[in-house]
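Peer 1: Following this line is query-v9.cif, made up of mmCIF, C-alpha atoms:
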```cif
data_work
#
loop_
_atom_site.label_atom_id
_atom_site.label_comp_id
_atom_site.auth_asym_id
_atom_site.auth_seq_id
_atom_site.Cartn_x
_atom_site.Cartn_y
_atom_site.Cartn_z
CA MET V 574 -10.82 -55.02 3.69
CA THR V 575 -9.24 -51.76 4.78
CA THR V 576 -5.72 -53.13 4.72
CA GLU V 577 -6.38 -54.69 1.33
CA ALA V 578 -7.57 -51.37 -0.06
CA ALA V 579 -4.54 -49.63 1.41
CA THR V 580 -2.15 -51.95 -0.37
CA ILE V 581 -3.64 -51.10 -3.75
CA GLY V 582 -3.57 -47.39 -2.95
CA LEU V 583 -7.26 -46.62 -2.57
CA THR V 584 -6.72 -45.02 0.83
CA HIS V 585 -3.71 -43.36 2.38
CA GLY V 586 -2.33 -45.72 4.96
CA GLY V 587 -5.70 -46.24 6.58
CA SER V 588 -5.95 -42.59 7.62
CA GLU V 589 -9.06 -42.03 5.50
CA ASP V 590 -7.42 -38.85 4.26
CA THR V 591 -9.35 -37.45 1.31
CA GLY V 592 -6.60 -35.08 0.25
CA LEU V 593 -8.57 -32.24 1.80
CA GLY V 594 -7.42 -32.90 5.35
CA HIS V 595 -9.16 -35.11 7.90
CA ARG V 596 -12.22 -32.91 8.03
CA GLY V 597 -12.93 -32.65 4.33
CA PRO V 598 -13.44 -29.28 2.65
CA GLU V 599 -13.84 -26.19 4.80
CA SER V 600 -17.25 -24.62 5.37
CA LYS V 601 -18.56 -21.87 3.13
CA SER V 602 -17.96 -19.27 5.84
CA ILE V 603 -14.21 -19.94 5.41
CA VAL V 604 -13.99 -20.68 1.68
CA VAL V 605 -15.94 -17.63 0.46
CA PRO V 606 -13.95 -14.95 2.34
CA TYR V 607 -10.72 -16.80 1.51
CA GLY V 608 -11.58 -16.66 -2.18
CA PHE V 609 -12.38 -12.99 -1.78
CA TRP V 610 -9.02 -12.49 -0.03
CA LEU V 611 -7.34 -13.94 -3.14
CA PHE V 612 -9.30 -11.47 -5.29
CA VAL V 613 -8.20 -8.55 -3.09
CA LEU V 614 -4.55 -9.66 -3.34
CA SER V 615 -4.78 -9.85 -7.13
CA ASP V 616 -6.35 -6.39 -7.07
CA MET V 617 -3.25 -5.20 -5.20
CA ILE V 618 -1.10 -6.74 -7.94
CA LEU V 619 -3.11 -4.72 -10.48
CA PHE V 620 -2.39 -1.59 -8.46
CA SER V 621 1.31 -2.47 -8.26
CA ALA V 622 1.43 -2.30 -12.08
CA LEU V 623 -0.22 1.13 -11.99
CA PHE V 624 2.24 2.27 -9.30
CA ALA V 625 5.17 1.03 -11.40
CA THR V 626 3.80 2.92 -14.42
CA TYR V 627 3.38 6.08 -12.36
CA ALA V 628 6.90 5.84 -10.91
CA SER V 629 8.34 5.42 -14.41
CA LEU V 630 6.43 8.38 -15.88
CA VAL V 631 6.42 10.83 -12.95
CA THR V 632 9.14 13.00 -14.52
CA ALA V 633 7.66 12.84 -18.05
CA THR V 634 5.81 16.14 -17.71
CA ASP V 635 6.33 17.36 -21.32
CA GLY V 636 6.91 20.91 -20.08
CA GLY V 637 3.57 20.86 -18.25
CA PRO V 638 2.82 21.12 -14.53
CA THR V 639 4.89 18.98 -12.12
CA THR V 640 3.90 17.18 -8.93
CA ASN V 641 5.09 20.06 -6.75
CA GLN V 642 2.87 22.57 -8.58
CA LEU V 643 -0.27 20.42 -8.56
CA PHE V 644 -0.75 18.67 -5.23
CA ASP V 645 -2.26 20.20 -2.10
CA ARG V 646 -1.23 18.42 1.10
CA THR V 647 -4.09 19.80 3.20
CA LEU V 648 -6.73 18.21 0.98
CA VAL V 649 -4.81 14.93 1.00
CA ALA V 650 -4.62 15.00 4.81
CA ILE V 651 -8.43 15.37 5.02
CA GLU V 652 -8.94 12.57 2.47
CA THR V 653 -6.57 10.31 4.41
CA MET V 654 -8.35 11.02 7.68
CA ALA V 655 -11.80 10.33 6.17
CA LEU V 656 -10.72 7.00 4.69
CA LEU V 657 -8.87 5.87 7.84
CA LEU V 658 -11.85 6.67 10.07
CA SER V 659 -14.19 4.89 7.63
CA SER V 660 -11.98 1.80 7.85
CA PHE V 661 -12.30 1.99 11.65
CA THR V 662 -16.11 2.40 11.61
CA CYS V 663 -16.35 -0.48 9.11
CA GLY V 664 -14.63 -2.64 11.74
CA LEU V 665 -17.13 -1.44 14.38
CA ALA V 666 -19.98 -2.36 12.02
CA MET V 667 -18.55 -5.89 11.75
CA ILE V 668 -18.41 -6.18 15.56
CA ALA V 669 -22.09 -5.14 15.74
CA ALA V 670 -23.07 -7.47 12.87
CA LYS V 671 -21.46 -10.43 14.59
CA ARG V 672 -23.82 -9.79 17.52
CA LYS V 673 -26.76 -9.34 15.14
CA ASN V 674 -27.39 -5.82 16.41
CA MET V 675 -29.42 -4.11 13.65
CA PHE V 676 -29.19 -0.53 14.97
CA TRP V 677 -25.41 -0.34 15.43
CA THR V 678 -24.64 -2.33 12.28
CA GLN V 679 -26.69 0.01 10.11
CA GLY V 680 -25.43 3.05 12.03
CA TRP V 681 -21.73 2.25 11.61
CA LEU V 682 -22.26 1.22 7.99
CA ILE V 683 -23.85 4.56 7.14
CA VAL V 684 -21.02 6.42 8.93
CA THR V 685 -18.56 4.34 6.88
CA GLY V 686 -20.41 5.20 3.68
CA LEU V 687 -20.59 8.91 4.51
CA LEU V 688 -16.86 9.10 5.27
CA GLY V 689 -16.20 7.28 1.99
CA ALA V 690 -18.40 9.83 0.22
CA VAL V 691 -16.42 12.70 1.81
CA PHE V 692 -13.24 11.12 0.49
CA LEU V 693 -14.70 10.69 -2.99
CA PHE V 694 -16.09 14.22 -3.08
CA ILE V 695 -12.68 15.76 -2.22
CA GLU V 696 -10.98 13.57 -4.81
CA LEU V 697 -13.43 14.61 -7.54
CA TYR V 698 -13.01 18.27 -6.51
CA GLU V 699 -9.22 17.87 -6.85
CA PHE V 700 -9.61 16.24 -10.29
CA ALA V 701 -11.99 18.99 -11.45
CA MET V 702 -9.60 21.73 -10.31
CA MET V 703 -6.68 20.09 -12.08
CA ILE V 704 -8.61 19.67 -15.34
CA GLU V 705 -9.76 23.29 -15.11
CA GLU V 706 -6.14 24.42 -14.78
CA GLY V 707 -5.31 22.54 -17.98
CA ALA V 708 -3.69 19.65 -16.09
CA GLY V 709 -6.03 16.95 -17.38
CA PRO V 710 -5.04 13.38 -18.28
CA GLN V 711 -4.19 14.39 -21.87
CA ARG V 712 -1.58 16.96 -20.83
CA SER V 713 1.41 14.65 -20.27
CA ALA V 714 2.39 11.03 -19.64
CA PHE V 715 2.81 11.90 -15.97
CA LEU V 716 -0.78 13.18 -15.71
CA SER V 717 -2.17 10.20 -17.66
CA SER V 718 -0.56 7.81 -15.20
CA PHE V 719 -1.67 9.95 -12.24
CA PHE V 720 -5.32 9.94 -13.29
CA THR V 721 -5.18 6.20 -14.05
CA LEU V 722 -3.69 5.28 -10.67
CA VAL V 723 -5.68 7.62 -8.40
CA GLY V 724 -8.82 7.34 -10.56
CA CYS V 725 -8.69 3.52 -10.34
CA HIS V 726 -8.60 3.78 -6.56
CA GLY V 727 -11.50 6.27 -6.71
CA ALA V 728 -13.48 3.84 -8.89
CA HIS V 729 -12.91 1.15 -6.26
CA VAL V 730 -14.20 3.48 -3.54
CA THR V 731 -17.29 4.21 -5.66
CA ALA V 732 -17.92 0.48 -6.05
CA GLY V 733 -17.43 0.11 -2.30
CA LEU V 734 -20.04 2.80 -1.60
CA LEU V 735 -22.58 1.05 -3.85
CA TRP V 736 -21.78 -2.20 -2.08
CA ILE V 737 -22.26 -0.62 1.37
CA GLY V 738 -25.69 0.65 0.29
CA THR V 739 -26.61 -2.78 -1.09
CA MET V 740 -25.53 -4.52 2.11
CA MET V 741 -27.52 -2.11 4.29
CA ALA V 742 -30.62 -2.90 2.24
CA GLN V 743 -29.96 -6.65 2.38
CA ILE V 744 -29.43 -6.65 6.14
CA TRP V 745 -32.61 -4.63 6.52
CA ALA V 746 -34.67 -6.90 4.27
CA LYS V 747 -33.24 -10.33 5.08
CA GLY V 748 -31.71 -9.99 8.55
CA PHE V 749 -28.42 -11.50 9.73
CA LYS V 750 -28.55 -14.74 7.74
CA ASP V 751 -25.31 -16.67 7.19
CA HIS V 752 -24.90 -15.70 3.56
CA ILE V 753 -25.58 -12.02 4.34
CA ILE V 754 -22.89 -12.09 7.05
CA ARG V 755 -20.49 -13.65 4.54
CA ARG V 756 -21.11 -10.83 2.06
CA LEU V 757 -20.65 -8.27 4.81
CA LEU V 758 -17.32 -9.86 5.75
CA CYS V 759 -16.16 -9.67 2.12
CA LEU V 760 -17.21 -6.01 2.04
CA SER V 761 -15.11 -5.24 5.13
CA VAL V 762 -12.07 -6.99 3.64
CA PHE V 763 -12.55 -4.94 0.43
CA TRP V 764 -12.90 -1.67 2.34
CA HIS V 765 -9.82 -2.25 4.54
CA ALA V 766 -7.84 -3.17 1.41
CA LEU V 767 -8.80 0.15 -0.22
CA ASP V 768 -7.35 1.96 2.79
CA ILE V 769 -4.11 -0.02 2.48
CA ILE V 770 -3.81 1.03 -1.17
CA TRP V 771 -4.53 4.63 -0.22
CA VAL V 772 -1.59 4.54 2.24
CA ALA V 773 0.66 3.73 -0.70
CA ILE V 774 -0.94 6.45 -2.85
CA PHE V 775 -0.68 9.29 -0.34
CA THR V 776 2.93 8.35 0.42
CA ILE V 777 4.25 7.74 -3.10
CA VAL V 778 2.14 10.20 -5.10
CA TYR V 779 1.35 13.07 -2.74
CA LEU V 780 4.02 13.18 0.00
CA ILE V 781 7.09 12.10 -1.99
CA GLY V 782 5.74 14.13 -4.93
CA THR V 783 5.66 17.34 -2.90
CA LEU V 784 9.05 17.04 -1.19
CA PRO V 785 11.05 20.27 -1.64
CA MET J 1442 -13.42 -34.03 16.61
CA THR J 1443 -11.92 -32.80 19.86
CA GLU J 1444 -12.02 -29.30 21.25
CA ASP J 1445 -8.31 -28.81 20.41
CA GLU J 1446 -8.82 -29.71 16.78
CA ASP J 1447 -11.68 -27.27 16.63
CA ASN J 1448 -9.31 -24.45 17.57
CA LEU J 1449 -7.05 -25.32 14.65
CA LEU J 1450 -9.76 -24.73 12.06
CA ASP J 1451 -8.95 -22.09 9.49
CA VAL J 1452 -10.35 -18.62 9.87
CA ALA J 1453 -11.16 -16.20 7.10
CA PRO J 1454 -9.41 -12.82 6.86
CA GLY J 1455 -11.30 -9.98 8.56
CA ILE J 1456 -12.96 -12.20 11.19
CA PRO J 1457 -12.88 -10.36 14.55
CA HIS J 1458 -12.04 -11.99 17.91
CA SER J 1459 -14.69 -13.30 20.27
CA ASN J 1460 -15.00 -10.75 23.09
CA ILE J 1461 -16.65 -7.40 22.34
CA VAL J 1462 -14.28 -5.35 24.54
CA SER J 1463 -11.07 -6.92 23.21
CA GLU J 1464 -12.42 -6.65 19.65
CA THR J 1465 -13.14 -2.94 20.00
CA VAL J 1466 -9.83 -2.33 21.79
CA ALA J 1467 -7.99 -4.02 18.90
CA TYR J 1468 -9.62 -1.64 16.40
CA VAL J 1469 -8.90 1.38 18.64
CA ILE J 1470 -5.23 0.37 18.96
CA GLY J 1471 -5.05 -0.10 15.19
CA LEU J 1472 -6.64 3.30 14.58
CA ALA J 1473 -4.27 4.99 17.06
CA LEU J 1474 -1.17 3.39 15.50
CA ALA J 1475 -2.36 4.28 11.99
CA LEU J 1476 -3.04 7.88 13.05
CA ILE J 1477 0.43 8.16 14.62
CA LEU J 1478 2.13 6.73 11.52
CA THR J 1479 0.12 9.00 9.20
CA GLY J 1480 0.93 12.03 11.36
CA VAL J 1481 4.63 11.18 11.40
CA SER J 1482 4.56 10.72 7.60
CA PHE J 1483 3.09 14.19 7.04
CA TRP J 1484 5.51 15.69 9.58
CA VAL J 1485 8.55 13.99 8.02
CA ALA J 1486 7.48 15.25 4.59
CA SER J 1487 7.17 18.88 5.68
CA THR J 1488 10.01 19.31 8.17
CA SER J 1489 13.44 20.53 7.13
CA THR J 1490 15.27 19.20 10.19
CA LEU J 1491 15.88 15.77 8.61
CA TRP J 1492 18.53 14.85 6.06
CA GLY J 1493 16.84 15.53 2.70
CA PRO J 1494 17.84 12.48 0.62
CA GLY J 1495 16.72 10.11 3.41
CA VAL J 1496 13.19 11.50 3.67
CA ALA J 1497 11.71 9.56 0.73
CA VAL J 1498 13.10 6.26 2.06
CA GLY J 1499 11.75 7.08 5.52
CA LEU J 1500 8.30 7.78 4.08
CA VAL J 1501 8.25 4.41 2.30
CA VAL J 1502 9.24 2.64 5.53
CA LEU J 1503 6.46 4.46 7.42
CA ALA J 1504 3.93 3.47 4.73
CA ILE J 1505 4.94 -0.20 4.90
CA ALA J 1506 4.64 -0.06 8.70
CA GLN J 1507 1.14 1.40 8.40
CA MET J 1508 0.12 -1.31 5.92
CA GLY J 1509 1.29 -3.85 8.49
CA VAL J 1510 -0.84 -2.17 11.17
CA HIS J 1511 -3.89 -2.34 8.88
CA LEU J 1512 -3.28 -6.02 8.11
CA VAL J 1513 -2.91 -7.01 11.77
CA PHE J 1514 -5.51 -4.83 13.49
CA PHE J 1515 -8.16 -4.41 10.78
CA LEU J 1516 -7.83 -7.55 8.65
CA HIS J 1517 -6.74 -9.73 11.62
CA ILE J 1518 -3.96 -11.49 9.77
CA THR J 1519 -1.99 -13.31 12.48
CA SER J 1520 0.85 -15.81 12.67
CA GLY J 1521 -1.42 -18.42 14.28
CA PRO J 1522 -1.92 -21.89 12.74
CA ASP J 1523 -5.50 -21.03 11.74
CA ASN J 1524 -4.16 -18.23 9.54
CA THR J 1525 -1.57 -20.18 7.52
CA ASN J 1526 -3.53 -20.05 4.26
CA ASN J 1527 -4.21 -16.32 4.55
CA VAL J 1528 -0.55 -15.57 5.30
CA LEU J 1529 0.72 -17.76 2.44
CA ALA J 1530 -1.59 -16.04 -0.05
CA LEU J 1531 -0.48 -12.66 1.31
CA ALA J 1532 3.19 -13.61 1.04
CA PHE J 1533 2.72 -14.62 -2.60
CA GLY J 1534 0.88 -11.37 -3.31
CA VAL J 1535 3.66 -9.33 -1.69
CA LEU J 1536 6.26 -11.21 -3.73
CA ILE J 1537 4.51 -10.41 -7.03
CA VAL J 1538 3.92 -6.76 -6.03
CA PHE J 1539 7.60 -6.46 -5.10
CA LEU J 1540 8.77 -8.02 -8.39
CA VAL J 1541 6.47 -5.85 -10.53
CA MET J 1542 7.33 -2.57 -8.81
CA VAL J 1543 11.06 -2.97 -8.15
CA GLY J 1544 11.65 -4.69 -11.49
CA THR J 1545 9.85 -2.00 -13.46
CA ILE J 1546 11.41 0.95 -11.62
CA TRP J 1547 14.89 -0.56 -11.82
CA ILE J 1548 14.72 -1.37 -15.53
CA MET J 1549 12.96 1.83 -16.58
CA ALA J 1550 15.38 4.03 -14.61
CA HIS J 1551 18.35 2.34 -16.30
CA MET J 1552 16.75 2.64 -19.74
CA ASP J 1553 16.10 6.30 -19.06
CA ALA J 1554 19.69 6.90 -17.96
CA ASN J 1555 21.51 4.81 -20.56
CA MET J 1556 19.36 4.90 -23.67
CA ALA J 1557 18.16 8.50 -23.83
CA PRO J 1558 18.80 9.77 -27.34
CA ASP J 1559 21.55 12.32 -27.91
CA PRO J 1560 20.14 15.88 -27.61
CA ALA J 1561 21.68 16.78 -31.01
CA ILE J 1562 19.79 13.94 -32.72
CA MET J 1563 16.59 14.97 -30.95
CA ASN J 1564 16.97 18.51 -32.34
CA LEU J 1565 17.60 17.15 -35.82
CA GLN J 1566 14.40 15.08 -35.64
CA MET J 1567 12.41 18.04 -34.41
CA GLN J 1568 13.42 20.10 -37.46
CA HIS J 1569 11.94 17.59 -39.93
#
```
Would it be possible to restate this file's structure as structure tokens?
Peer 2:
Amino acid sequence: MTTEAATIGLTHGGSEDTGLGHRGPESKSIVVPYGFWLFVLSDMILFSALFATYASLVTATDGGPTTNQLFDRTLVAIETMALLLSSFTCGLAMIAAKRKNMFWTQGWLIVTGLLGAVFLFIELYEFAMMIEEGAGPQRSAFLSSFFTLVGCHGAHVTAGLLWIGTMMAQIWAKGFKDHIIRRLLCLSVFWHALDIIWVAIFTIVYLIGTLP
Amino acid sequence: MTEDEDNLLDVAPGIPHSNIVSETVAYVIGLALALILTGVSFWVASTSTLWGPGVAVGLVVLAIAQMGVHLVFFLHITSGPDNTNNVLALAFGVLIVFLVMVGTIWIMAHMDANMAPDPAIMNLQMQH
């Protein structure tokens, strides 16, 4: 029967291959974070378009303030440090979550969220100072692209903070169930990705922008 | 399914290793490398001992290196067989990011250099 079926192409040479490998489809714990990984990569492609826009418009200042006059490296260094440390503590939270340790998971998550909030606060302070000095997004094409690029990253961090709060509540209320762990894993991938994008921002926008 | 086949199963990005000490050490190494690369970036940008025109290129190289550190130590992207899907998706993402950024900057810089209107014409338009 098997050989007969093989000859008319119902199976693949008797290997019982379903086209999804010998094991069939992967489990949800693989498929869900993989799908989220694809989302994060497409998010990076979105940012690449914003970076390309910024690089094209960085000299289009329309007689207004330039990168060298606007950016403060000390603030950027503190922002960078806060986001890098929050990426690290997010990893520690994942290690604790894998061992279903409620105290350390919640503890590291709140440290992650607080460091993210420090980052966001400094960024908003910087934006407010720039707008006060008359260097708002309407001033020139350069400033429009600056606020779009850095503001988009800031919006992602805000979403990440809301997500961290949601996950802390879910872990508290529902415990370390499989689907909660999956969501937490997606959150950590999202948070690490934000730090990767910030590396590009502080290099291209702030450091190269303030070279003498 | 044998034990060997089990080891070849895919893993999702961001999944840590199995041992708590080696997991933590991996994050600490990643943090240390990222801190060093960030520190060098800020130093390179503010020092005057390096050849000026090369500084921007050096900063970009340092940034790419730091992104690699984040991918390996924080997102646990490896070259192992269980990571093939993650790496392939990443490679495609990097390709598109590269095309969008380099293509745009290249074309826009040439347009800017070759197609800028003559200053005399610009003045004429301003007077109307």
Peer 1: Neighbours of Ser629 (chain V) within 10 Å (all atoms listed in the file; same-chain residues fewer than 4 positions away dropped), as a list in words?
Peer 2: Leu623, Phe624, Ala625, Ala633, Ala714, Phe715 and Ser718 of chain V; Met1542, Thr1545, Ile1546, Trp1547, Ile1548, Met1549, Ala1550 and Asp1553 of chain J
Peer 1: Using only C-alpha atoms, which chain V residues lie at most 6 Å away from chain J, written as a PyMOL selection string?
Peer 2: chain V and resi 603+606-607+614+618+621+625+762+769+781
Peer 1: Report as number ranges by chain all protein, DNA and RNA residues lying within 12 Å of Asp751 (chain V), evaluated on all atoms listed in the file, omitting residues in the same chain fewer than 2 positions from it.
Peer 2: V: 600-603, 605, 670-671, 673, 744, 747-749, 753-758
Peer 1: Filtering to C-alpha atoms, could you give me those residues as an mmCIF file, in the coordinates of the input?
Peer 2:
```cif
data_model
loop_
_atom_site.group_PDB
_atom_site.id
_atom_site.type_symbol
_atom_site.label_atom_id
_atom_site.label_comp_id
_atom_site.auth_asym_id
_atom_site.auth_seq_id
_atom_site.Cartn_x
_atom_site.Cartn_y
_atom_site.Cartn_z
ATOM 1 C CA SER V 600 -17.250 -24.620 5.370
ATOM 2 C CA LYS V 601 -18.560 -21.870 3.130
ATOM 3 C CA SER V 602 -17.960 -19.270 5.840
ATOM 4 C CA ILE V 603 -14.210 -19.940 5.410
ATOM 5 C CA VAL V 605 -15.940 -17.630 0.460
ATOM 6 C CA ALA V 670 -23.070 -7.470 12.870
ATOM 7 C CA LYS V 671 -21.460 -10.430 14.590
ATOM 8 C CA LYS V 673 -26.760 -9.340 15.140
ATOM 9 C CA ILE V 744 -29.430 -6.650 6.140
ATOM 10 C CA LYS V 747 -33.240 -10.330 5.080
ATOM 11 C CA GLY V 748 -31.710 -9.990 8.550
ATOM 12 C CA PHE V 749 -28.420 -11.500 9.730
ATOM 13 C CA ILE V 753 -25.580 -12.020 4.340
ATOM 14 C CA ILE V 754 -22.890 -12.090 7.050
ATOM 15 C CA ARG V 755 -20.490 -13.650 4.540
ATOM 16 C CA ARG V 756 -21.110 -10.830 2.060
ATOM 17 C CA LEU V 757 -20.650 -8.270 4.810
ATOM 18 C CA LEU V 758 -17.320 -9.860 5.750
#
```
Peer 1: I'd like the residues picked by the PyMOL selection byres ((chain V and resi 722) around 8) written out as a ChimeraX atom specification, using the chain letters and numbers from the file.
Peer 2: /V:620,623-624,627,718-721,723-726
Peer 1: Could you jot down the CA of Ala732 (chain V) to CA of Glu699 (chain V) separation for me, Å, one decimal place?
Peer 2: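 Taking CA of Ala732 (chain V) and CA of Glu699 (chain V), their separation equals 19.5 Å.
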Peer 1: Please rebuild region 742-754 of chain V with N, CA and C atoms and give the result as an mmCIF file, keeping the file's coordinate frame.
Peer 2:
```
data_model
loop_
_atom_site.group_PDB
_atom_site.id
_atom_site.type_symbol
_atom_site.label_atom_id
_atom_site.label_comp_id
_atom_site.auth_asym_id
_atom_site.auth_seq_id
_atom_site.Cartn_x
_atom_site.Cartn_y
_atom_site.Cartn_z
ATOM 1 N N ALA V 742 -29.284 -2.480 2.650
ATOM 2 C CA ALA V 742 -30.620 -2.900 2.240
ATOM 3 C C ALA V 742 -30.837 -4.388 2.489
ATOM 4 N N GLN V 743 -29.824 -5.196 2.205
ATOM 5 C CA GLN V 743 -29.960 -6.650 2.380
ATOM 6 C C GLN V 743 -30.105 -7.027 3.846
ATOM 7 N N ILE V 744 -29.304 -6.365 4.702
ATOM 8 C CA ILE V 744 -29.430 -6.650 6.140
ATOM 9 C C ILE V 744 -30.827 -6.258 6.624
ATOM 10 N N TRP V 745 -31.288 -5.111 6.126
ATOM 11 C CA TRP V 745 -32.610 -4.630 6.520
ATOM 12 C C TRP V 745 -33.692 -5.598 6.087
ATOM 13 N N ALA V 746 -33.595 -6.075 4.828
ATOM 14 C CA ALA V 746 -34.670 -6.900 4.270
ATOM 15 C C ALA V 746 -34.586 -8.351 4.729
ATOM 16 N N LYS V 747 -33.369 -8.888 4.847
ATOM 17 C CA LYS V 747 -33.240 -10.330 5.080
ATOM 18 C C LYS V 747 -32.725 -10.676 6.467
ATOM 19 N N GLY V 748 -32.233 -9.685 7.214
ATOM 20 C CA GLY V 748 -31.710 -9.990 8.550
ATOM 21 C C GLY V 748 -30.317 -10.581 8.481
ATOM 22 N N PHE V 749 -29.800 -11.020 9.655
ATOM 23 C CA PHE V 749 -28.420 -11.500 9.730
ATOM 24 C C PHE V 749 -28.356 -12.987 9.406
ATOM 25 N N LYS V 750 -28.686 -13.348 8.159
ATOM 26 C CA LYS V 750 -28.550 -14.740 7.740
ATOM 27 C C LYS V 750 -27.079 -15.014 7.428
ATOM 28 N N ASP V 751 -26.712 -16.305 7.383
ATOM 29 C CA ASP V 751 -25.310 -16.670 7.190
ATOM 30 C C ASP V 751 -24.723 -16.073 5.926
ATOM 31 N N HIS V 752 -25.491 -16.173 4.811
ATOM 32 C CA HIS V 752 -24.900 -15.700 3.560
ATOM 33 C C HIS V 752 -24.803 -14.176 3.523
ATOM 34 N N ILE V 753 -25.677 -13.490 4.256
ATOM 35 C CA ILE V 753 -25.580 -12.020 4.340
ATOM 36 C C ILE V 753 -24.332 -11.631 5.136
ATOM 37 N N ILE V 754 -24.085 -12.355 6.242
ATOM 38 C CA ILE V 754 -22.890 -12.090 7.050
ATOM 39 C C ILE V 754 -21.621 -12.318 6.227
#
```
